[in-house]
Amino acid sequence: NSRVEDRDSTLHRRNIWAVQASMLVADCTYAAYLQERGIIFDAAIGHSLGELAAMVVAGVWDIGQAIEFVHHRSLAVADHAPSNSALLS
């Protein structure tokens with residue numbers, strides 16, 4: 001049934017978006033917490049979504065730009081990953 005497949009595809013996209021956006025926000029929130037406690041970063045590095053958080057911490061992007069990138073990234077992942085797949089990094 002194509003309606004079920006469409007619904008599953010939509011849920012798959014939303015799940016990928018929700019997980020990726022949550023990870024980015026958690027990373028940025030933790031960095032802000034550390035900064036509020038007086039920890040000053042000399043550098044910011046990351047892997048995968050952590051690279052985006054590092055860009056926010058370094059002031060290259062604001063959080064809105066990073067979330068917009070995550071939106072487009074999650075759509076690309078959803079378009080190429082089967083709905084019954086899982087990712088691990």
# chains A, B, ... in the order shown; residues from 1 in each chain; ligands from 1
>>> select_by_dssp(residues="range 33-81 of chain A", states="alpha helix (DSSP H)", output="number ranges by chain")
A: 33-36, 49-57, 63-80
>>> closest_atom_pairs(of="range 48-87 of chain A", to="range 27-41 of chain A", cutoff="12 Å", atoms="only C-alpha atoms", output="JSON lines")
{"residue": "A:Ser48", "atom": "CA", "partner": "A:Asp27", "partner_atom": "CA", "distance": 11.7}
{"residue": "A:Leu49", "atom": "CA", "partner": "A:Asp27", "partner_atom": "CA", "distance": 8.7}
{"residue": "A:Gly50", "atom": "CA", "partner": "A:Asp27", "partner_atom": "CA", "distance": 7.0}
{"residue": "A:Glu51", "atom": "CA", "partner": "A:Asp27", "partner_atom": "CA", "distance": 10.0}
{"residue": "A:Leu52", "atom": "CA", "partner": "A:Cys28", "partner_atom": "CA", "distance": 9.0}
{"residue": "A:Ala53", "atom": "CA", "partner": "A:Cys28", "partner_atom": "CA", "distance": 5.5}
{"residue": "A:Ala54", "atom": "CA", "partner": "A:Cys28", "partner_atom": "CA", "distance": 8.0}
{"residue": "A:Met55", "atom": "CA", "partner": "A:Cys28", "partner_atom": "CA", "distance": 9.7}
{"residue": "A:Val56", "atom": "CA", "partner": "A:Cys28", "partner_atom": "CA", "distance": 7.2}
{"residue": "A:Val57", "atom": "CA", "partner": "A:Cys28", "partner_atom": "CA", "distance": 6.9}
{"residue": "A:Ala58", "atom": "CA", "partner": "A:Phe41", "partner_atom": "CA", "distance": 8.6}
{"residue": "A:Gly59", "atom": "CA", "partner": "A:Cys28", "partner_atom": "CA", "distance": 11.4}
{"residue": "A:Trp61", "atom": "CA", "partner": "A:Cys28", "partner_atom": "CA", "distance": 11.6}
{"residue": "A:Asp62", "atom": "CA", "partner": "A:Cys28", "partner_atom": "CA", "distance": 10.3}
{"residue": "A:Ile63", "atom": "CA", "partner": "A:Cys28", "partner_atom": "CA", "distance": 8.1}
{"residue": "A:Gly64", "atom": "CA", "partner": "A:Cys28", "partner_atom": "CA", "distance": 11.7}
{"residue": "A:Ala66", "atom": "CA", "partner": "A:Cys28", "partner_atom": "CA", "distance": 10.2}
{"residue": "A:Ile67", "atom": "CA", "partner": "A:Cys28", "partner_atom": "CA", "distance": 11.1}
>>> closest_residue(among="A:Ala26, A:Ala21, A:Leu11, A:Ala44", to="Phe69 in chain A", atoms="only C-alpha atoms")
A:Ala21
>>> atom_distance(atom1="CA of Ala78 in chain A", atom2="CA of His12 in chain A")
6.8 Å
>>> residues_around(residues="range 14-18 of chain A", least_positions_apart="2", cutoff="9 Å", atoms="only C-alpha atoms", output="PyMOL selection string")
chain A and resi 9-12+20-23+70-75+77-78
>>> write_last_selection(atoms="C-alpha atoms", output="JSON list (two decimals), in the first residue's frame")
[["chain", "number", "residue", "atom", "x", "y", "z"],
["A", 9, "SER", "CA", 9.00, 7.29, 4.72],
["A", 10, "THR", "CA", 7.79, 10.42, 6.49],
["A", 11, "LEU", "CA", 8.37, 8.85, 9.91],
["A", 12, "HIS", "CA", 11.82, 7.68, 8.82],
["A", 20, "GLN", "CA", 20.54, 14.40, 14.49],
["A", 21, "ALA", "CA", 19.13, 17.70, 15.71],
["A", 22, "SER", "CA", 19.03, 16.42, 19.30],
["A", 23, "MET", "CA", 22.66, 15.33, 19.15],
["A", 70, "VAL", "CA", 21.38, 19.20, 9.92],
["A", 71, "HIS", "CA", 17.97, 19.45, 8.28],
["A", 72, "HIS", "CA", 19.46, 19.09, 4.81],
["A", 73, "ARG", "CA", 21.89, 16.42, 6.00],
["A", 74, "SER", "CA", 19.08, 14.36, 7.53],
["A", 75, "LEU", "CA", 17.08, 14.53, 4.30],
["A", 77, "VAL", "CA", 20.60, 10.41, 4.83],
["A", 78, "ALA", "CA", 16.89, 9.51, 4.71]]
